[in-house]
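Report on the structure given below.
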Amino acid sequence: MNKKKLIAKVDKIAEFEENWDGYGAGTFSRKTINKVKIVIACLDGRYPEPDVVPNVYGIQLEWDHGENALEVDIGESEEDRVSYLKVLGTDMEDWTETTISDLSEINELLKWLYGDETMSDVSKKLKS
């Protein structure tokens with residue numbers, strides 16, 4: 001996982017101007033940008049990089065693996081929340097969303113998603 005590359009993506013999002021989505025979305029607060037960087041710093045480097053996705057509610061870090069997915073949401077709100085969504089199956093037949101109080105929980109969630117596979121294991125599968 002290239003954390004510098006992820007931070008660069010977050011810095012690019014920090015430069016977004018008002019109405020960046022064409023539907024009136026506001027800019028991101030320094031507090032949210034810094035929180036995303038803290039979350040990235042806590043990530044275990046053995047897993048693949050997430051997609052960094054801005055939305056009107058904050059910034060998401062998204063991982064997909066097989067039919068399952070994990071989304072970590074860093075909220076653009078006064079609560080300064082970090083929450084996650086676990087998606088089981090392509091039809092979202094089972095999902096869980098809750099707030100994260102200890103950021104190290106994210107690595108446990110990544111372990112749930114990838115099992116004992118490491119980033120190099122996932123890369124090998126993608127190449128074949």
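Residue numbering restarts at 1 for every chain of the structure tokens, chains are lettered A, B, ... in their displayed order, and ligands are numbered from 1 as they appear.
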Practice task
Within chain A, find each residue whose DSSP state, derived from the backbone, is strand (DSSP E), and express the selection as number ranges by chain.
Solution key: A: 51-55, 58-65, 68-75, 82-88, 94-99
**Message:** Need to verify the contact set: Ala25 of chain A, 6 Å, only C-alpha atoms, exclusion of same-chain residues closer than 4 positions in sequence. Can you return it as a PyMOL selection string?
**Reply:** chain A and resi 19+21+56
Using the selection just defined, write its residues with N, CA and C atoms as a short mmCIF file (atom, residue, chain, number, x, y, z; two decimals), in the first residue's frame.
data_model
loop_
_atom_site.label_atom_id
_atom_site.label_comp_id
_atom_site.auth_asym_id
_atom_site.auth_seq_id
_atom_site.Cartn_x
_atom_site.Cartn_y
_atom_site.Cartn_z
N ASN A 19 -19.30 23.35 -5.31
CA ASN A 19 -20.03 22.76 -6.44
C ASN A 19 -19.14 21.81 -7.25
N ASP A 21 -19.17 18.73 -7.52
CA ASP A 21 -19.89 17.61 -8.12
C ASP A 21 -20.96 18.06 -9.13
N VAL A 56 -20.91 13.95 -0.82
CA VAL A 56 -21.44 15.11 -0.09
C VAL A 56 -21.44 14.90 1.42
#
**Report entry** Polymer residues at most 10 Å from Glu105 of chain A, only C-alpha atoms, same-chain spacing of 5 or more positions, as a list in words
**Finding:**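 Here the qualifying residues turn out to be Cys42, Leu43, Ile100, Leu110 and Lys111 of chain A.
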Task: Contact residues around Tyr84 of chain A with only C-alpha atoms at 10 Å, ignoring same-chain residues under 3 positions, as a list in words - done: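 After dropping sequence-adjacent residues, the list is Gln60, Leu61, Glu62, Leu70, Glu71, Val72, Asp73, Ile74, Val87, Thr96, Glu97, Thr98, Thr99, Ile100, Ile106 and Leu109 of chain A.
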*Among listed residues A:Arg30, A:Lys37, A:Lys86, A:His65, nearest Lys9 of chain A (using only C-alpha atoms)*: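 Among the listed residues, the smallest separation from Lys9 of chain A belongs to A:Lys37.
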Fewer than 4 positions away in the same chain doesn't count, so skip those; otherwise give me all residues within 12 Å of Lys12 of chain A, counting only C-alpha atoms, as JSON, numbers by chain. {"A": [5, 6, 7, 8, 16, 17, 20, 27, 28, 33, 52, 53, 54]}
Next, dump the selected residues to file, keeping only C-alpha atoms, as an mmCIF file, in the first residue's frame.
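The result, stored in again11.cif:
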data_model
loop_
_atom_site.group_PDB
_atom_site.id
_atom_site.type_symbol
_atom_site.label_atom_id
_atom_site.label_comp_id
_atom_site.auth_asym_id
_atom_site.auth_seq_id
_atom_site.Cartn_x
_atom_site.Cartn_y
_atom_site.Cartn_z
ATOM 1 C CA LYS A 5 -0.114 8.131 -3.029
ATOM 2 C CA LEU A 6 -3.289 7.925 -0.921
ATOM 3 C CA ILE A 7 -2.388 11.147 0.911
ATOM 4 C CA ALA A 8 -1.799 12.842 -2.467
ATOM 5 C CA PHE A 16 -12.042 20.916 -4.576
ATOM 6 C CA GLU A 17 -14.022 24.135 -4.938
ATOM 7 C CA TRP A 20 -17.284 20.244 -7.290
ATOM 8 C CA THR A 27 -15.714 22.000 0.044
ATOM 9 C CA PHE A 28 -14.181 19.663 2.614
ATOM 10 C CA ILE A 33 -9.077 16.059 5.472
ATOM 11 C CA VAL A 52 -10.549 7.294 -2.184
ATOM 12 C CA VAL A 53 -14.023 8.602 -3.002
ATOM 13 C CA PRO A 54 -15.415 12.041 -2.095
#
For this session: Give the answer as one residue: which of A:Val36, A:Ser29, A:Ala69, A:Ser101 has the shortest atom-to-atom distance to Glu15 of chain A, using only C-alpha atoms?
Result: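 Among A:Val36, A:Ser29, A:Ala69, A:Ser101, it is A:Ser29 that comes nearest to Glu15 of chain A.
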- Mind pulling up the distance from atom CA of Asp116 of chain A to atom CA of Ala41 of chain A?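 Here the two named atoms are 20.9 Å from each other.
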Go through A:Val39, A:Lys3, A:Asp44, A:Ala14 and flag the residue nearest Glu108 of chain A, using only C-alpha atoms for the distances.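 Closest residue, counting only C-alpha atoms: A:Asp44.
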One decimal place gives the atom CA of Pro48 of chain A-atom CA of Ile13 of chain A separation as 20.5 Å
Give me, please, the distance in Å between atom CA of Lys35 of chain A and atom CA of Asn55 of chain A, quoted to one decimal.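 Value for the atom CA of Lys35 of chain A-atom CA of Asn55 of chain A distance: 15.3 Å.
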Nearest residue to Asn68 of chain A from the set A:Ser104, A:Asn2, A:Thr90, A:Asn34 (distances using only C-alpha atoms):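 Of A:Ser104, A:Asn2, A:Thr90, A:Asn34, the one nearest Asn68 of chain A is A:Thr90, counting only C-alpha atoms.
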